[in-house]
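Undergrad: If it helps, the file is called target-v8.txt and holds compact mmCIF, C-alpha atoms:
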```
# COMPACT_ATOMS: atom_id res chain seq x y z
CA MET M 72 103.91 100.73 168.48
CA ALA M 73 100.88 98.46 168.30
CA ASN M 74 102.33 96.67 165.28
CA THR M 75 105.60 96.13 167.16
CA LEU M 76 103.78 94.65 170.12
CA GLU M 77 101.71 92.44 167.84
CA ALA M 78 104.85 91.19 166.11
CA GLY M 79 106.42 90.47 169.49
CA ALA M 80 103.33 88.56 170.59
CA ASN M 81 103.83 86.24 167.61
CA ASP M 82 107.48 85.49 168.36
CA TYR M 83 108.65 82.20 169.87
CA ARG M 84 109.37 82.65 173.58
CA PHE M 85 109.62 79.55 175.78
CA ARG M 86 108.80 80.47 179.39
CA LEU M 87 108.03 78.34 182.45
CA ARG M 88 105.04 80.49 183.32
CA ASP M 89 103.32 79.43 180.06
CA GLY M 90 103.09 75.76 181.06
CA LEU M 91 99.44 76.01 182.15
CA LEU M 92 98.44 77.70 178.90
CA GLY M 93 100.22 74.94 176.98
CA ALA M 94 98.36 72.26 178.95
CA GLN M 95 95.10 74.00 178.07
CA MET M 96 95.96 73.77 174.38
CA LEU M 97 96.44 70.01 174.73
CA PHE M 98 93.15 69.70 176.63
CA VAL M 99 91.35 71.37 173.73
CA ALA M 100 92.89 68.90 171.27
CA PHE M 101 92.66 65.86 173.54
CA GLY M 102 89.18 64.58 172.62
CA SER M 103 89.80 64.64 168.88
CA LEU M 104 93.37 63.42 169.23
CA VAL M 105 92.50 60.17 171.01
CA LEU M 106 89.22 59.62 169.15
CA VAL M 107 90.91 58.56 165.91
CA PRO M 108 92.99 55.73 167.43
CA LEU M 109 90.05 54.58 169.57
CA LEU M 110 87.87 54.30 166.47
CA THR M 111 90.46 52.63 164.27
CA GLY M 112 92.11 50.15 166.65
CA LEU M 113 95.36 52.06 167.09
CA ASP M 114 96.86 52.75 170.52
CA PRO M 115 95.74 56.14 171.96
CA ASN M 116 98.94 56.44 174.00
CA VAL M 117 100.97 56.05 170.81
CA ALA M 118 98.79 58.72 169.19
CA LEU M 119 99.55 61.07 172.09
CA PHE M 120 103.27 60.40 171.72
CA THR M 121 103.34 60.84 167.94
CA ALA M 122 101.19 63.99 168.12
CA GLY M 123 103.61 65.52 170.59
CA LEU M 124 106.69 64.42 168.67
CA GLY M 125 105.13 65.46 165.37
CA THR M 126 104.35 68.94 166.72
CA LEU M 127 107.98 69.34 167.81
CA VAL M 128 109.19 68.24 164.35
CA PHE M 129 106.78 70.71 162.76
CA GLN M 130 108.15 73.50 164.96
CA VAL M 131 111.73 72.69 163.99
CA VAL M 132 110.91 72.66 160.26
CA THR M 133 108.91 75.91 160.46
CA ARG M 134 111.52 77.54 162.74
CA GLY M 135 109.01 78.02 165.55
CA ARG M 136 106.96 80.50 163.55
CA VAL M 137 103.45 78.97 163.52
CA PRO M 138 101.28 78.48 166.67
CA VAL M 139 99.60 75.20 165.67
CA PHE M 140 99.34 71.77 167.26
CA LEU M 141 99.37 68.59 165.18
CA GLY M 142 97.00 65.77 166.10
CA SER M 143 95.21 62.75 164.65
CA SER M 144 93.56 63.46 161.29
CA PHE M 145 89.83 62.73 160.97
CA ALA M 146 90.16 62.47 157.18
CA PHE M 147 91.93 59.12 157.61
CA ILE M 148 89.41 57.47 159.96
CA ALA M 149 87.49 55.65 157.23
CA PRO M 150 90.60 54.66 155.23
CA ILE M 151 92.33 53.34 158.36
CA LEU M 152 89.25 51.32 159.32
CA TYR M 153 89.24 49.75 155.86
CA GLY M 154 93.00 49.24 155.91
CA VAL M 155 93.11 47.58 159.32
CA GLU M 156 90.32 45.21 158.30
CA THR M 157 91.98 44.41 154.96
CA TRP M 158 95.75 44.42 155.66
CA GLY M 159 96.04 44.63 159.44
CA ILE M 160 97.67 47.46 161.38
CA PRO M 161 101.30 46.97 160.19
CA GLY M 162 100.29 46.96 156.52
CA THR M 163 98.04 49.98 156.99
CA LEU M 164 100.88 51.87 158.67
CA CYS M 165 102.91 51.42 155.49
CA GLY M 166 100.19 53.24 153.59
CA LEU M 167 100.10 56.01 156.20
CA ILE M 168 103.85 56.54 155.82
CA ALA M 169 103.24 56.92 152.08
CA ALA M 170 100.58 59.54 152.83
CA GLY M 171 103.19 61.58 154.66
CA LEU M 172 105.52 61.22 151.68
CA VAL M 173 102.77 62.72 149.49
CA TYR M 174 102.81 65.82 151.69
CA ILE M 175 106.59 65.98 151.43
CA ALA M 176 106.45 65.64 147.63
CA LEU M 177 103.84 68.41 147.44
CA SER M 178 106.02 70.65 149.59
CA LEU M 179 108.90 70.19 147.13
CA VAL M 180 106.63 70.97 144.18
CA ILE M 181 105.40 74.12 145.94
CA ARG M 182 108.97 75.24 146.59
CA TRP M 183 109.81 74.61 142.92
CA ARG M 184 106.73 76.00 141.17
CA GLY M 185 104.69 77.87 143.80
CA VAL M 186 101.29 77.17 145.37
CA GLY M 187 99.44 77.79 142.12
CA VAL M 188 100.55 74.52 140.52
CA ILE M 189 98.81 72.52 143.28
CA THR M 190 95.56 74.44 143.05
CA ARG M 191 95.55 73.90 139.28
CA LEU M 192 96.27 70.18 139.60
CA LEU M 193 93.80 69.64 142.46
CA PRO M 194 90.93 72.12 142.19
CA PRO M 195 87.78 71.83 144.36
CA ILE M 196 86.03 69.99 141.53
CA VAL M 197 88.41 67.09 142.32
CA THR M 198 89.07 67.41 146.04
CA GLY M 199 85.42 68.14 146.95
CA PRO M 200 83.94 64.84 145.76
CA VAL M 201 86.97 62.88 147.00
CA ILE M 202 86.38 64.30 150.49
CA MET M 203 82.71 63.33 150.20
CA VAL M 204 83.65 59.78 149.22
CA ILE M 205 85.86 59.49 152.31
CA GLY M 206 82.86 60.26 154.51
CA LEU M 207 80.29 58.22 152.61
CA VAL M 208 82.14 55.03 151.74
CA LEU M 209 82.16 53.70 155.29
CA ALA M 210 78.91 55.24 156.52
CA PRO M 211 77.64 51.72 157.33
CA VAL M 212 80.56 51.34 159.76
CA ALA M 213 79.33 54.34 161.74
CA VAL M 214 75.83 52.89 161.96
CA ASN M 215 77.15 49.47 162.95
CA LEU M 216 79.25 50.89 165.79
CA ALA M 217 76.40 53.08 167.03
CA THR M 218 74.04 50.10 167.17
CA GLY M 219 76.44 47.93 169.16
CA HIS M 220 78.02 45.88 166.36
CA ASN M 221 81.58 45.63 165.17
CA GLY M 222 82.65 47.59 162.09
CA ASP M 223 81.36 45.16 159.47
CA GLY M 224 78.20 44.33 161.41
CA THR M 225 78.94 40.61 161.79
CA ASP M 226 79.26 40.54 165.61
CA VAL M 227 77.09 42.03 168.36
CA LEU M 228 79.26 43.72 171.00
CA VAL M 229 76.48 45.46 172.96
CA ALA M 230 72.73 44.84 172.99
CA GLU M 231 71.19 47.26 170.52
CA PRO M 232 68.78 49.05 172.93
CA LEU M 233 71.62 49.83 175.34
CA ALA M 234 73.94 50.77 172.50
CA LEU M 235 71.42 53.24 171.09
CA VAL M 236 71.09 54.94 174.50
CA ALA M 237 74.86 55.39 174.85
CA ALA M 238 75.32 56.44 171.22
CA GLY M 239 72.34 58.78 171.31
CA VAL M 240 73.53 60.58 174.44
CA SER M 241 77.08 61.05 173.16
CA LEU M 242 75.79 62.30 169.80
CA ALA M 243 73.16 64.62 171.32
CA VAL M 244 75.58 66.19 173.79
CA THR M 245 78.22 66.72 171.10
CA VAL M 246 75.71 68.48 168.84
CA ALA M 247 74.26 70.51 171.72
CA VAL M 248 77.65 71.74 172.92
CA SER M 249 78.78 72.59 169.38
CA LEU M 250 75.59 74.64 168.91
CA LEU M 251 75.08 76.18 172.35
CA GLY M 252 78.53 76.10 173.95
CA ARG M 253 80.19 79.44 174.66
CA GLY M 254 83.81 80.36 175.21
CA PHE M 255 86.14 77.51 176.08
CA LEU M 256 83.26 74.99 176.18
CA SER M 257 82.56 75.54 172.48
CA LEU M 258 86.06 74.24 171.69
CA VAL M 259 85.57 70.78 173.23
CA PRO M 260 82.22 69.39 172.00
CA ILE M 261 83.66 65.95 171.23
CA LEU M 262 85.23 65.68 174.67
CA CYS M 263 81.89 66.63 176.24
CA GLY M 264 80.03 64.06 174.12
CA VAL M 265 82.41 61.24 174.97
CA LEU M 266 82.27 62.13 178.68
CA ALA M 267 78.45 62.19 178.69
CA GLY M 268 78.24 58.88 176.84
CA TYR M 269 80.75 57.33 179.23
CA LEU M 270 78.83 58.47 182.31
CA VAL M 271 75.58 57.05 180.91
CA SER M 272 77.33 53.78 180.07
CA LEU M 273 78.50 53.22 183.65
CA PRO M 274 75.07 52.36 185.16
CA LEU M 275 74.23 50.41 182.01
CA GLY M 276 77.12 48.05 182.75
CA LEU M 277 78.97 48.81 179.52
CA VAL M 278 82.27 49.88 181.15
CA ASP M 279 84.92 47.48 182.47
CA LEU M 280 86.48 49.32 185.40
CA ALA M 281 88.61 46.32 186.40
CA ALA M 282 90.98 46.87 183.45
CA ILE M 283 91.61 50.44 184.63
CA ALA M 284 92.37 49.32 188.18
CA GLU M 285 94.79 46.64 186.96
CA ALA M 286 96.67 48.93 184.56
CA PRO M 287 100.02 50.30 185.78
CA TRP M 288 100.44 54.01 186.35
CA PHE M 289 103.48 54.17 184.12
CA ALA M 290 103.89 52.10 180.96
CA ALA M 291 105.52 52.61 177.57
CA PRO M 292 103.13 53.07 174.64
CA GLU M 293 102.63 49.94 172.53
CA PHE M 294 104.52 51.04 169.43
CA VAL M 295 103.84 49.03 166.26
CA ALA M 296 106.32 48.69 163.39
CA PRO M 297 104.99 48.95 159.81
CA SER M 298 105.32 46.17 157.26
CA TRP M 299 105.55 46.67 153.52
CA ASN M 300 102.22 46.48 151.69
CA GLY M 301 102.04 47.86 148.17
CA GLN M 302 98.23 47.74 148.07
CA ALA M 303 98.00 49.89 151.20
CA VAL M 304 100.39 52.41 149.66
CA LEU M 305 98.33 52.67 146.47
CA TYR M 306 95.17 53.01 148.54
CA MET M 307 96.42 55.77 150.85
CA ILE M 308 98.21 58.01 148.33
CA PRO M 309 94.98 59.40 146.76
CA VAL M 310 93.41 59.64 150.23
CA ALA M 311 96.23 61.97 151.27
CA ILE M 312 95.46 64.48 148.53
CA ALA M 313 92.35 65.98 150.13
CA PRO M 314 93.77 66.62 153.64
CA ALA M 315 96.96 67.94 152.05
CA ILE M 316 94.91 70.56 150.23
CA GLU M 317 92.99 71.32 153.44
CA HIS M 318 96.36 72.11 155.01
CA PHE M 319 96.35 75.39 153.06
CA GLY M 320 93.02 76.33 154.62
CA ASP M 321 94.34 75.63 158.12
CA ILE M 322 97.40 77.82 157.57
CA ILE M 323 95.25 80.61 156.15
CA ALA M 324 92.95 80.33 159.18
CA ILE M 325 95.76 80.75 161.71
CA ARG M 326 97.16 83.60 159.58
CA SER M 327 93.85 85.45 159.87
CA VAL M 328 93.95 85.01 163.65
CA THR M 329 97.51 86.19 164.31
CA GLY M 330 97.92 88.66 161.46
CA ARG M 331 101.22 87.09 160.35
CA ASP M 332 101.48 85.76 156.78
CA TYR M 333 102.67 82.19 157.25
CA LEU M 334 102.29 81.52 153.51
CA LYS M 335 105.43 83.64 153.12
CA ASP M 336 107.20 83.14 156.45
CA PRO M 337 108.04 80.33 156.98
CA GLY M 338 106.23 79.45 153.73
CA VAL M 339 103.55 76.87 153.01
CA ASP M 340 106.23 74.60 151.57
CA ARG M 341 107.79 74.38 155.05
CA THR M 342 104.45 73.91 156.85
CA MET M 343 103.52 71.12 154.42
CA LEU M 344 106.95 69.54 154.86
CA GLY M 345 106.57 69.61 158.64
CA ASP M 346 103.11 68.04 158.41
CA GLY M 347 104.41 65.33 156.07
CA LEU M 348 107.40 64.45 158.23
CA ALA M 349 105.16 64.27 161.31
CA THR M 350 102.69 61.98 159.50
CA SER M 351 105.35 59.59 158.20
CA LEU M 352 107.05 59.53 161.60
CA ALA M 353 103.74 58.61 163.22
CA GLY M 354 103.30 55.78 160.73
CA PHE M 355 106.70 54.34 161.63
CA MET M 356 105.64 54.18 165.29
CA GLY M 357 102.06 52.96 164.98
CA GLY M 358 100.26 56.30 165.25
CA PRO M 359 97.61 57.91 163.01
CA PRO M 360 98.46 60.64 160.48
CA ASN M 361 98.83 64.14 161.88
CA THR M 362 97.16 67.35 160.82
CA THR M 363 96.92 70.92 162.06
CA TYR M 364 94.06 71.19 164.57
CA SER M 365 91.34 73.79 164.05
CA GLU M 366 90.25 73.31 167.69
CA VAL M 367 93.60 74.64 168.84
CA THR M 368 93.36 77.51 166.36
CA GLY M 369 90.04 78.32 168.01
CA ALA M 370 91.71 78.30 171.41
CA VAL M 371 94.43 80.62 170.12
CA THR M 372 91.70 82.95 168.87
CA LEU M 373 89.86 82.85 172.19
CA THR M 374 92.90 83.37 174.43
CA ARG M 375 94.83 85.69 172.07
CA ALA M 376 97.91 83.68 173.05
CA PHE M 377 99.93 83.74 169.82
CA ASN M 378 103.25 82.55 171.22
CA PRO M 379 104.21 79.37 169.28
CA ALA M 380 106.12 78.12 172.35
CA LEU M 381 102.75 77.24 173.92
CA MET M 382 102.59 74.38 171.41
CA THR M 383 105.97 73.18 172.64
CA TRP M 384 104.45 72.90 176.11
CA ALA M 385 101.38 71.11 174.69
CA ALA M 386 103.64 68.68 172.80
CA GLY M 387 105.66 67.98 175.94
CA PHE M 388 102.53 67.22 177.96
CA ALA M 389 101.24 64.93 175.20
CA ILE M 390 104.49 62.93 175.22
CA ALA M 391 104.42 62.71 179.03
CA PHE M 392 100.78 61.53 179.14
CA ALA M 393 101.62 58.83 176.59
CA PHE M 394 103.49 56.99 179.34
CA VAL M 395 100.54 56.98 181.79
CA GLY M 396 99.25 53.41 181.60
CA LYS M 397 96.00 54.10 183.43
CA LEU M 398 95.13 56.83 180.94
CA GLY M 399 95.40 54.34 178.10
CA ALA M 400 93.25 51.83 179.99
CA LEU M 401 90.65 54.52 180.72
CA LEU M 402 90.46 55.47 177.06
CA ALA M 403 90.26 51.82 176.00
CA SER M 404 87.30 51.32 178.35
CA ILE M 405 85.10 53.76 176.43
CA PRO M 406 82.25 51.62 175.01
CA THR M 407 82.05 51.13 171.26
CA PRO M 408 78.54 52.68 170.94
CA VAL M 409 79.82 55.92 172.51
CA MET M 410 82.45 56.10 169.79
CA GLY M 411 79.81 55.13 167.23
CA GLY M 412 77.59 58.05 168.21
CA ILE M 413 80.47 60.46 167.64
CA ILE M 414 81.59 58.89 164.38
CA VAL M 415 78.10 59.21 162.88
CA LEU M 416 78.47 62.97 163.22
CA LEU M 417 82.11 63.03 162.09
CA PHE M 418 81.55 61.05 158.91
CA GLY M 419 78.61 63.32 158.11
CA ALA M 420 80.79 66.36 158.77
CA ILE M 421 83.42 65.09 156.33
CA VAL M 422 80.77 64.80 153.62
CA VAL M 423 79.57 68.33 154.33
CA VAL M 424 83.15 69.65 154.11
CA GLY M 425 83.40 68.15 150.62
CA MET M 426 80.02 69.62 149.63
CA ASN M 427 81.04 73.01 150.97
CA SER M 428 84.27 72.87 148.99
CA LEU M 429 82.28 72.34 145.80
CA MET M 430 79.78 75.09 146.61
CA ARG M 431 82.46 77.65 147.45
CA SER M 432 84.24 76.93 144.19
CA GLY M 433 81.35 78.58 142.35
CA GLU M 434 81.47 75.97 139.59
CA ASP M 435 78.34 75.00 137.66
CA LEU M 436 78.08 71.31 138.53
CA THR M 437 75.61 70.64 135.72
CA GLU M 438 78.16 71.76 133.13
CA PRO M 439 79.15 68.58 131.20
CA ARG M 440 82.84 68.55 132.20
CA ASN M 441 82.15 69.16 135.89
CA LEU M 442 79.28 66.70 135.85
CA ALA M 443 81.59 64.00 134.47
CA VAL M 444 84.36 64.61 137.00
CA VAL M 445 82.15 64.87 140.11
CA GLY M 446 79.72 62.17 139.09
CA LEU M 447 82.35 59.58 138.20
CA VAL M 448 84.38 60.25 141.35
CA LEU M 449 81.32 59.82 143.57
CA ILE M 450 79.95 56.70 141.90
CA THR M 451 83.26 54.85 141.58
CA GLY M 452 84.21 55.69 145.16
CA ILE M 453 80.91 54.95 146.88
CA GLY M 454 80.08 52.02 144.62
CA GLY M 455 83.39 50.32 145.32
CA LEU M 456 84.46 49.94 141.69
CA SER M 457 87.87 48.30 141.36
CA PHE M 458 90.48 48.19 138.62
CA SER M 459 93.07 45.40 138.45
CA ALA M 460 96.07 44.68 136.25
CA GLY M 461 98.04 41.70 137.48
CA ASP M 462 98.93 42.32 141.12
CA PHE M 463 98.05 46.00 140.78
CA THR M 464 94.61 46.96 142.13
CA LEU M 465 92.83 50.26 142.68
CA GLU M 466 89.41 50.49 144.28
CA GLY M 467 87.10 52.69 146.33
CA ILE M 468 88.61 55.92 147.59
CA ALA M 469 91.96 55.30 145.89
CA LEU M 470 90.40 54.75 142.48
CA ALA M 471 88.10 57.74 142.93
CA GLY M 472 91.01 60.03 143.78
CA VAL M 473 93.17 58.92 140.86
CA LEU M 474 90.22 59.09 138.47
CA GLY M 475 89.39 62.63 139.57
CA VAL M 476 92.94 63.85 138.98
CA VAL M 477 93.18 62.16 135.58
CA LEU M 478 89.79 63.41 134.37
CA ASN M 479 90.63 66.95 135.44
CA LEU M 480 93.82 66.80 133.41
CA VAL M 481 92.51 65.16 130.23
CA LEU M 482 88.97 66.48 129.80
CA PRO M 483 88.90 69.70 127.73
CA GLN M 484 87.64 72.86 129.34
CA THR M 485 84.17 73.90 128.23
CA ARG M 486 84.38 76.84 125.89
CA ARG M 487 82.71 79.98 127.14
CA GLY M 488 79.45 80.64 125.34
CA ASP M 489 78.82 76.94 124.55
```
Once more with this new file: its structure as structure tokens, please.

TA:
Amino acid sequence: MANTLEAGANDYRFRLRDGLLGAQMLFVAFGSLVLVPLLTGLDPNVALFTAGLGTLVFQVVTRGRVPVFLGSSFAFIAPILYGVETWGIPGTLCGLIAAGLVYIALSLVIRWRGVGVITRLLPPIVTGPVIMVIGLVLAPVAVNLATGHNGDGTDVLVAEPLALVAAGVSLAVTVAVSLLGRGFLSLVPILCGVLAGYLVSLPLGLVDLAAIAEAPWFAAPEFVAPSWNGQAVLYMIPVAIAPAIEHFGDIIAIRSVTGRDYLKDPGVDRTMLGDGLATSLAGFMGGPPNTTYSEVTGAVTLTRAFNPALMTWAAGFAIAFAFVGKLGALLASIPTPVMGGIIVLLFGAIVVVGMNSLMRSGEDLTEPRNLAVVGLVLITGIGGLSFSAGDFTLEGIALAGVLGVVLNLVLPQTRRGD
């Protein structure tokens, strides 16, 4: 009887009475969802719209089986920052569409050959250092934003003493809530940090309230169309590998919470396909790539609300909020140092995720083959090495990702006993 009830609790049932629970799921995701566009120059209202639409697409592809919400991916913060600075937003969006196509291609490979082929092609010895490079390559950007400069440090946006106060408060509160928060509060540390930094910034004169007052209540999101850029495509394809592999971990996590094996039903090929379609769709509209949100998985764990229809409600609220002009103006008024304080922690967290991936693999990193793969990926990525052949260029994260895959394929395995 208990198993029957548990199975029923996991079934898709759309009910009006669940609207408040669905809104709560969006609230949990909200801070992280809008942080990525605020940091990278994209429109947060567009990100809300594409997250909602992407979640609905994901639900259609997975037949309403999986209780997850798709939102802005942190793994792409550094690459988008670089892309916007190098090719502008339209060109970068072209690369983000290509990232979604990588997910789709992987989903087809999984359907054809099974999950094992991906884990053999992209083991932790490759994905771990690539994830680390993503966090480390633009570490100076985080410091620049936290100290009141623009991303490349050439312009002063806020006086450094004031910037350090705002950044320090937002960072300290985020860390404190993540460590000490209990229950629902522990799910929204970023939201708490941004709110604290914003409140401190008000008396410091860092917030322009006039823009909020002038903004209309209802306004369409500022969608941006992509433009073809081959360099952006080549840059983003390797970047997409690491978060695509992390997708497996997210699906396993929600499986452990609900007790339903989503690797079999609807299948990880379908969940990856839904994620890829959502990401490419976001790129066509000017939004950041989507990913399954661990914050929402935490909320599902806390509330024991396994009904996937709650995510339909959350998606609907996200789409509705995207048309609230004053919300976009409020988000845009958050001072740069507040965002900088958060991004210092996030970039560090990405590095730690990569380190943890390597450690959990159990590989001996001093073994010659592993040393070559990890060492070369890290140095080429962080050092900014580039490779050019005519109009074709690979550098930084892109080169590191491709190099890691190639080395893993061509270097012979160390013989046991050597």

Undergrad: Rounded to one decimal place, report the CA of Ile325 in chain M-CA of Pro194 in chain M distance in Å.

TA: 21.9 Å

Undergrad: Please provide as a list in words all residues within 9 Å of Val448 in chain M, with the sequence filter that same-chain residues fewer than 2 positions apart are discarded (counting all atoms listed in the file).

TA: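 Near neighbours after the sequence-gap exclusion: Val197, Pro200, Val201, Val204, Ala443, Val444, Val445, Gly446, Ile450, Thr451, Gly452, Ile453, Ile468, Leu470, Ala471, Gly472, Val473, Leu474 and Gly475 of chain M.
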
Undergrad: Only C-alpha atoms, please: the residues just picked out, written as a PDB file, keeping the file's coordinate frame.

TA:
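Dumped to part15.pdb:
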```
ATOM      1  CA  VAL M 197      88.410  67.090 142.320  1.00  0.00           C
ATOM      2  CA  PRO M 200      83.940  64.840 145.760  1.00  0.00           C
ATOM      3  CA  VAL M 201      86.970  62.880 147.000  1.00  0.00           C
ATOM      4  CA  VAL M 204      83.650  59.780 149.220  1.00  0.00           C
ATOM      5  CA  ALA M 443      81.590  64.000 134.470  1.00  0.00           C
ATOM      6  CA  VAL M 444      84.360  64.610 137.000  1.00  0.00           C
ATOM      7  CA  VAL M 445      82.150  64.870 140.110  1.00  0.00           C
ATOM      8  CA  GLY M 446      79.720  62.170 139.090  1.00  0.00           C
ATOM      9  CA  ILE M 450      79.950  56.700 141.900  1.00  0.00           C
ATOM     10  CA  THR M 451      83.260  54.850 141.580  1.00  0.00           C
ATOM     11  CA  GLY M 452      84.210  55.690 145.160  1.00  0.00           C
ATOM     12  CA  ILE M 453      80.910  54.950 146.880  1.00  0.00           C
ATOM     13  CA  ILE M 468      88.610  55.920 147.590  1.00  0.00           C
ATOM     14  CA  LEU M 470      90.400  54.750 142.480  1.00  0.00           C
ATOM     15  CA  ALA M 471      88.100  57.740 142.930  1.00  0.00           C
ATOM     16  CA  GLY M 472      91.010  60.030 143.780  1.00  0.00           C
ATOM     17  CA  VAL M 473      93.170  58.920 140.860  1.00  0.00           C
ATOM     18  CA  LEU M 474      90.220  59.090 138.470  1.00  0.00           C
ATOM     19  CA  GLY M 475      89.390  62.630 139.570  1.00  0.00           C
TER      20      GLY M 475
END
```

Undergrad: Starting from the point (74.0, 66.9, 177.5), work out which residues of protein, DNA or RNA have an atom no more than 10 Å away when counting only C-alpha atoms; state them as a PyMOL selection string.

TA: chain M and resi 240-248+263-264+266-268

Undergrad: Work out how far apart CA of Leu348 in chain M and CA of Ile181 in chain M are and give it in Å to one decimal.

TA: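 Pair CA of Leu348 in chain M / CA of Ile181 in chain M returns 15.8 Å.
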
Undergrad: For Leu179 in chain M, which residue out of M:Thr111, M:Thr342, M:Ser351, M:Thr218 is the nearest one, using all atoms listed in the file?

TA: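 For Leu179 in chain M, the nearest of the given residues is M:Thr342.
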
Undergrad: Pick from M:Val424, M:Arg431, M:Leu334, M:Phe418: nearest to Gly185 in chain M, with only C-alpha atoms counted?

TA: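 Ranking M:Val424, M:Arg431, M:Leu334, M:Phe418 by distance to Gly185 in chain M, first place goes to M:Leu334.
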
Undergrad: Just the number, please: distance in Å from CA of Ser178 in chain M to CA of Phe319 in chain M, one decimal.

TA: 11.3 Å

Undergrad: Which is closest to Pro408 in chain M among M:Gly222, M:Gly154, M:Gly187, M:Gly90, if we use only C-alpha atoms?

TA: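 Among the listed residues, M:Gly222 lies closest to Pro408 in chain M.
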
Undergrad: I want to know what sits within 8 Å of Phe140 in chain M, based on all atoms listed in the file, with residues of the same chain fewer than 3 positions away left out; could you give that as a PyMOL selection string?

TA: chain M and resi 126+363-364+367+382+385-386

Undergrad: At a cut-off of 7 Å, using all atoms listed in the file, what residues contact Ala349 in chain M? Leave out same-chain residues fewer than 4 positions from it and give the result as a list in words.

TA: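 Final neighbour list, sorted by chain and number: Gly125, Val128, Phe129, Gly345, Ala353 and Asn361 of chain M.
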
Undergrad: Within 9 Å of (99.9, 49.3, 150.5) (coordinates as in the file), grab all the protein and nucleic acid residues, counting all atoms listed in the file, and write them out as a list in words.

TA: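 Output: Gly154, Trp158, Gly162, Thr163, Leu164, Cys165, Gly166, Leu167, Ala169, Trp299, Asn300, Gly301, Gln302, Ala303, Val304, Leu305, Tyr306 and Met307 of chain M.
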
Undergrad: Go ahead and save the picked residues with C-alpha atoms, as a PDB file, in the frame of the given file.

TA:
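See part_29.pdb below for the written result:
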```
ATOM      1  CA  GLY M 154      93.000  49.240 155.910  1.00  0.00           C
ATOM      2  CA  TRP M 158      95.750  44.420 155.660  1.00  0.00           C
ATOM      3  CA  GLY M 162     100.290  46.960 156.520  1.00  0.00           C
ATOM      4  CA  THR M 163      98.040  49.980 156.990  1.00  0.00           C
ATOM      5  CA  LEU M 164     100.880  51.870 158.670  1.00  0.00           C
ATOM      6  CA  CYS M 165     102.910  51.420 155.490  1.00  0.00           C
ATOM      7  CA  GLY M 166     100.190  53.240 153.590  1.00  0.00           C
ATOM      8  CA  LEU M 167     100.100  56.010 156.200  1.00  0.00           C
ATOM      9  CA  ALA M 169     103.240  56.920 152.080  1.00  0.00           C
ATOM     10  CA  TRP M 299     105.550  46.670 153.520  1.00  0.00           C
ATOM     11  CA  ASN M 300     102.220  46.480 151.690  1.00  0.00           C
ATOM     12  CA  GLY M 301     102.040  47.860 148.170  1.00  0.00           C
ATOM     13  CA  GLN M 302      98.230  47.740 148.070  1.00  0.00           C
ATOM     14  CA  ALA M 303      98.000  49.890 151.200  1.00  0.00           C
ATOM     15  CA  VAL M 304     100.390  52.410 149.660  1.00  0.00           C
ATOM     16  CA  LEU M 305      98.330  52.670 146.470  1.00  0.00           C
ATOM     17  CA  TYR M 306      95.170  53.010 148.540  1.00  0.00           C
ATOM     18  CA  MET M 307      96.420  55.770 150.850  1.00  0.00           C
TER      19      MET M 307
END
```

Undergrad: What lies within 10 Å of range 392-405 of chain M using all atoms listed in the file, ignoring chain neighbours under 3 positions off, as a ChimeraX atom specification?

TA: /M:105-106,108-109,112,114-123,265-266,268-270,272-273,277-293,386-389,408-410

Undergrad: Which one is closest to Ser428 in chain M: M:Ala376, M:Val180, M:Phe294, M:Gly199? Count all atoms listed in the file.

TA: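 Closest to Ser428 in chain M, using all atoms listed in the file: M:Gly199.
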
Undergrad: Would you please work out which residue, of M:Val295, M:Leu91, M:Leu465, M:Ile175, is nearest to Val132 in chain M when using only C-alpha atoms?

TA: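 When distances to Val132 in chain M are compared using only C-alpha atoms, the smallest one comes from M:Ile175.
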
Undergrad: Could you work out an axis-aligned box for range 378-381 of chain M, taking every atom the file lists and adding 5 Å on each side, and report centre and edge lengths in Å to one decimal, as lines of an AutoDock Vina configuration file?

TA:
```
center_x = 104.4
center_y = 79.9
center_z = 171.6
size_x = 13.4
size_y = 15.3
size_z = 14.6
```

Undergrad: For each of M:Gly142, M:Pro211, M:Gly206, M:Pro297, take the minimum atom-to-atom distance to Gly419 in chain M, counting all atoms listed in the file, then give the residue where this is smallest.

TA: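 So, comparing all the options, the nearest one is M:Gly206.
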
Undergrad: Fix up range 470-475 of chain M with N, CA and C atoms, then write it as a compact mmCIF listing (two decimals), in the frame of the given file.

TA:
```txt
# COMPACT_ATOMS: atom_id res chain seq x y z
N LEU M 470 90.76 54.65 143.89
CA LEU M 470 90.40 54.75 142.48
C LEU M 470 89.69 56.07 142.21
N ALA M 471 88.82 56.49 143.11
CA ALA M 471 88.10 57.74 142.93
C ALA M 471 89.06 58.92 142.88
N GLY M 472 90.05 58.94 143.76
CA GLY M 472 91.01 60.03 143.78
C GLY M 472 91.84 60.09 142.52
N VAL M 473 92.36 58.96 142.08
CA VAL M 473 93.17 58.92 140.86
C VAL M 473 92.32 59.30 139.66
N LEU M 474 91.10 58.78 139.59
CA LEU M 474 90.22 59.09 138.47
C LEU M 474 89.92 60.58 138.40
N GLY M 475 89.67 61.20 139.56
CA GLY M 475 89.39 62.63 139.57
C GLY M 475 90.54 63.45 139.04
```
